[in-house]
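Okay, data.txt now, which holds compact mmCIF, N, CA and C atoms:
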# COMPACT_ATOMS: atom_id res chain seq x y z
N MET A 1 109.63 -0.46 146.92
CA MET A 1 110.05 0.26 145.75
C MET A 1 109.16 1.47 145.49
N LEU A 2 107.86 1.29 145.65
CA LEU A 2 106.93 2.40 145.45
C LEU A 2 107.18 3.51 146.47
N PHE A 3 107.55 3.10 147.66
CA PHE A 3 107.85 4.07 148.72
C PHE A 3 109.02 4.98 148.33
N VAL A 4 110.06 4.43 147.70
CA VAL A 4 111.22 5.20 147.26
C VAL A 4 110.80 6.21 146.20
N PHE A 5 109.95 5.79 145.27
CA PHE A 5 109.49 6.70 144.23
C PHE A 5 108.65 7.84 144.82
N GLU A 6 107.84 7.54 145.81
CA GLU A 6 107.05 8.59 146.47
C GLU A 6 107.96 9.60 147.17
N ILE A 7 108.99 9.11 147.85
CA ILE A 7 109.94 10.00 148.53
C ILE A 7 110.68 10.86 147.50
N MET A 8 111.14 10.23 146.41
CA MET A 8 111.84 10.99 145.36
C MET A 8 110.91 12.03 144.73
N PHE A 9 109.65 11.64 144.52
CA PHE A 9 108.68 12.58 143.96
C PHE A 9 108.50 13.78 144.88
N LEU A 10 108.37 13.53 146.19
CA LEU A 10 108.23 14.63 147.15
C LEU A 10 109.48 15.50 147.19
N VAL A 11 110.67 14.90 147.10
CA VAL A 11 111.91 15.68 147.09
C VAL A 11 111.97 16.55 145.84
N VAL A 12 111.65 15.97 144.68
CA VAL A 12 111.67 16.74 143.43
C VAL A 12 110.63 17.85 143.48
N MET A 13 109.45 17.58 143.99
CA MET A 13 108.42 18.63 144.10
C MET A 13 108.86 19.72 145.07
N GLY A 14 109.53 19.31 146.15
CA GLY A 14 110.05 20.30 147.09
C GLY A 14 111.10 21.19 146.45
N VAL A 15 112.00 20.61 145.68
CA VAL A 15 113.03 21.40 144.98
C VAL A 15 112.38 22.34 143.98
N ILE A 16 111.39 21.84 143.24
CA ILE A 16 110.68 22.70 142.28
C ILE A 16 109.97 23.84 143.01
N ALA A 17 109.36 23.55 144.13
CA ALA A 17 108.68 24.60 144.90
C ALA A 17 109.67 25.64 145.39
N ILE A 18 110.81 25.20 145.89
CA ILE A 18 111.82 26.15 146.38
C ILE A 18 112.35 27.00 145.24
N VAL A 19 112.66 26.38 144.10
CA VAL A 19 113.15 27.14 142.94
C VAL A 19 112.10 28.14 142.48
N THR A 20 110.84 27.74 142.46
CA THR A 20 109.76 28.65 142.05
C THR A 20 109.64 29.83 143.02
N ILE A 21 109.69 29.53 144.28
CA ILE A 21 109.59 30.61 145.28
C ILE A 21 110.75 31.57 145.14
N VAL A 22 111.95 31.05 144.96
CA VAL A 22 113.12 31.92 144.81
C VAL A 22 113.03 32.72 143.52
N THR A 23 112.60 32.08 142.44
CA THR A 23 112.51 32.75 141.14
C THR A 23 111.47 33.87 141.16
N VAL A 24 110.35 33.62 141.76
CA VAL A 24 109.28 34.62 141.81
C VAL A 24 109.51 35.59 142.97
N GLY A 25 109.99 35.09 144.07
CA GLY A 25 110.14 35.92 145.27
C GLY A 25 111.23 36.95 145.17
N ARG A 26 112.32 36.63 144.50
CA ARG A 26 113.43 37.58 144.44
C ARG A 26 113.04 38.88 143.73
N PRO A 27 112.45 38.83 142.53
CA PRO A 27 112.04 40.09 141.90
C PRO A 27 111.01 40.85 142.73
N LEU A 28 110.12 40.11 143.39
CA LEU A 28 109.14 40.78 144.25
C LEU A 28 109.84 41.47 145.42
N ALA A 29 110.81 40.81 146.00
CA ALA A 29 111.55 41.40 147.12
C ALA A 29 112.34 42.62 146.67
N ILE A 30 112.96 42.54 145.50
CA ILE A 30 113.72 43.68 144.97
C ILE A 30 112.77 44.85 144.70
N ALA A 31 111.62 44.57 144.10
CA ALA A 31 110.66 45.64 143.82
C ALA A 31 110.16 46.28 145.11
N TYR A 32 109.89 45.47 146.11
CA TYR A 32 109.43 46.00 147.39
C TYR A 32 110.53 46.83 148.05
N ALA A 33 111.78 46.37 147.98
CA ALA A 33 112.89 47.13 148.56
C ALA A 33 113.04 48.48 147.86
N ASP A 34 112.90 48.50 146.53
CA ASP A 34 112.98 49.76 145.80
C ASP A 34 111.84 50.69 146.20
N LYS A 35 110.66 50.13 146.37
CA LYS A 35 109.51 50.94 146.78
C LYS A 35 109.74 51.56 148.15
N VAL A 36 110.25 50.78 149.08
CA VAL A 36 110.54 51.28 150.43
C VAL A 36 111.64 52.34 150.37
N LYS A 37 112.66 52.10 149.56
CA LYS A 37 113.76 53.06 149.44
C LYS A 37 113.26 54.39 148.87
N ASN A 38 112.42 54.32 147.83
CA ASN A 38 111.87 55.54 147.24
C ASN A 38 110.99 56.29 148.23
N ARG A 39 110.19 55.55 148.99
CA ARG A 39 109.34 56.19 150.00
C ARG A 39 110.19 56.88 151.06
N GLN A 40 111.29 56.22 151.46
CA GLN A 40 112.19 56.81 152.45
C GLN A 40 112.83 58.09 151.91
N LEU A 41 113.25 58.07 150.64
CA LEU A 41 113.84 59.26 150.03
C LEU A 41 112.83 60.40 149.96
N GLU A 42 111.58 60.08 149.63
CA GLU A 42 110.54 61.11 149.59
C GLU A 42 110.31 61.71 150.97
N MET A 43 110.29 60.84 151.99
CA MET A 43 110.08 61.34 153.35
C MET A 43 111.25 62.20 153.79
N GLU A 44 112.48 61.80 153.43
CA GLU A 44 113.65 62.59 153.79
C GLU A 44 113.62 63.93 153.09
N SER A 45 113.24 63.96 151.80
CA SER A 45 113.21 65.22 151.08
C SER A 45 112.14 66.14 151.66
N SER A 46 110.98 65.60 152.03
CA SER A 46 109.95 66.45 152.63
C SER A 46 110.40 66.91 154.01
N HIS A 47 111.12 66.05 154.74
CA HIS A 47 111.65 66.44 156.04
C HIS A 47 112.67 67.57 155.88
N VAL A 48 113.49 67.48 154.86
CA VAL A 48 114.49 68.53 154.60
C VAL A 48 113.78 69.83 154.25
N GLU A 49 112.74 69.75 153.44
CA GLU A 49 112.00 70.96 153.08
C GLU A 49 111.37 71.61 154.31
N LEU A 50 110.80 70.79 155.19
CA LEU A 50 110.22 71.34 156.42
C LEU A 50 111.29 71.97 157.29
N ARG A 51 112.45 71.32 157.37
CA ARG A 51 113.55 71.85 158.18
C ARG A 51 114.05 73.18 157.60
N ILE A 52 114.14 73.26 156.28
CA ILE A 52 114.57 74.51 155.63
C ILE A 52 113.57 75.62 155.94
N ALA A 53 112.29 75.32 155.84
CA ALA A 53 111.26 76.33 156.13
C ALA A 53 111.36 76.79 157.59
N ALA A 54 111.59 75.87 158.51
CA ALA A 54 111.72 76.24 159.92
C ALA A 54 112.96 77.11 160.14
N LEU A 55 114.05 76.77 159.49
CA LEU A 55 115.27 77.57 159.63
C LEU A 55 115.10 78.96 159.02
N GLU A 56 114.38 79.04 157.90
CA GLU A 56 114.11 80.36 157.30
C GLU A 56 113.29 81.22 158.25
N GLU A 57 112.28 80.63 158.88
CA GLU A 57 111.45 81.38 159.83
C GLU A 57 112.28 81.82 161.02
N GLU A 58 113.14 80.95 161.50
CA GLU A 58 114.01 81.30 162.62
C GLU A 58 114.95 82.44 162.25
N THR A 59 115.45 82.43 161.02
CA THR A 59 116.33 83.50 160.54
C THR A 59 115.57 84.82 160.50
N ARG A 60 114.33 84.79 160.00
CA ARG A 60 113.52 86.02 159.97
C ARG A 60 113.30 86.56 161.39
N GLU A 61 113.01 85.67 162.33
CA GLU A 61 112.79 86.09 163.72
C GLU A 61 114.06 86.69 164.31
N LEU A 62 115.19 86.08 164.03
CA LEU A 62 116.46 86.62 164.54
C LEU A 62 116.76 87.99 163.93
N LYS A 63 116.43 88.18 162.66
CA LYS A 63 116.63 89.49 162.03
C LYS A 63 115.73 90.54 162.68
N ARG A 64 114.47 90.14 162.98
CA ARG A 64 113.57 91.07 163.67
C ARG A 64 114.12 91.46 165.04
N GLN A 65 114.63 90.47 165.76
CA GLN A 65 115.21 90.76 167.08
C GLN A 65 116.43 91.65 166.96
N LEU A 66 117.26 91.41 165.95
CA LEU A 66 118.45 92.24 165.75
C LEU A 66 118.05 93.69 165.44
N LEU A 67 117.04 93.87 164.59
CA LEU A 67 116.57 95.23 164.30
C LEU A 67 116.02 95.90 165.55
N SER A 68 115.31 95.16 166.35
CA SER A 68 114.77 95.71 167.59
C SER A 68 115.89 96.14 168.53
N ILE A 69 116.90 95.32 168.65
CA ILE A 69 118.05 95.66 169.51
C ILE A 69 118.77 96.89 168.98
N GLN A 70 118.94 96.95 167.65
CA GLN A 70 119.60 98.11 167.06
C GLN A 70 118.79 99.39 167.29
N ASP A 71 117.46 99.29 167.15
CA ASP A 71 116.61 100.46 167.40
C ASP A 71 116.72 100.91 168.85
N GLY A 72 116.73 99.95 169.76
CA GLY A 72 116.85 100.28 171.18
C GLY A 72 118.20 100.93 171.48
N LYS A 73 119.26 100.44 170.86
CA LYS A 73 120.59 101.02 171.08
C LYS A 73 120.65 102.45 170.53
N GLU A 74 120.09 102.66 169.34
CA GLU A 74 120.07 104.01 168.77
C GLU A 74 119.27 104.96 169.66
N PHE A 75 118.16 104.49 170.20
CA PHE A 75 117.35 105.31 171.10
C PHE A 75 118.15 105.69 172.34
N GLN A 76 118.86 104.71 172.91
CA GLN A 76 119.69 104.98 174.09
C GLN A 76 120.80 105.97 173.77
N ASP A 77 121.41 105.81 172.59
CA ASP A 77 122.47 106.75 172.19
C ASP A 77 121.93 108.16 172.06
N ARG A 78 120.74 108.32 171.49
CA ARG A 78 120.15 109.66 171.34
C ARG A 78 119.82 110.26 172.72
N LEU A 79 119.31 109.41 173.63
CA LEU A 79 119.03 109.92 174.96
C LEU A 79 120.30 110.38 175.68
N LEU A 80 121.38 109.61 175.52
CA LEU A 80 122.63 109.99 176.15
C LEU A 80 123.18 111.29 175.56
N GLU A 81 123.05 111.45 174.25
CA GLU A 81 123.52 112.69 173.62
C GLU A 81 122.71 113.90 174.08
N LYS A 82 121.39 113.73 174.23
CA LYS A 82 120.53 114.82 174.69
C LYS A 82 120.87 115.14 176.16
N GLY A 83 121.17 114.13 176.94
CA GLY A 83 121.51 114.35 178.34
C GLY A 83 122.83 115.10 178.50
N LYS A 84 123.76 114.85 177.64
CA LYS A 84 125.07 115.51 177.70
C LYS A 84 124.98 116.95 177.18
N GLY A 85 124.13 117.13 176.19
CA GLY A 85 124.07 118.42 175.50
C GLY A 85 123.35 119.43 176.24
As structure tokens, please, write out the structure in this file.
Amino acid sequence: MLFVFEIMFLVVMGVIAIVTIVTVGRPLAIAYADKVKNRQLEMESSHVELRIAALEEETRELKRQLLSIQDGKEFQDRLLEKGKG
């Protein structure tokens, strides 16, 4: 008879332990998931900012190249006009 009470006591303590872990663990898991999600969003936003800065620099470089090409074309046109004239 005492053996049955010991088994029941262990089962009840096990159920209480599981309920406690679930009760305490769930909010902790939710808080940790929110923290990870916020960190991911911050990393994505900083990644986007870096990508925007890189694209802006690339645009500036392309504009410089376009101006250089236009200057070279104008120079060639002037040389051709002088050669004809």
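The coordinates place atom CA of Leu55 of chain A at 26.2 Å from atom N of Asn38 of chain A.
Interatomic distance, atom N of Ala53 of chain A to atom C of Leu41 of chain A: 16.0 Å.
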Atom CA of Gly83 of chain A to atom CA of Gln70 of chain A: how many Å, to one decimal?
19.9 Å
So for segment 53-60 of chain A, what box centre and size do we get, axis-aligned, 5 Å extra on each of the six sides, every listed atom, Å to one decimal, as AutoDock Vina command-line options?
--center_x 113.8 --center_y 80.9 --center_z 159.2 --size_x 15.1 --size_y 21.2 --size_z 16.8
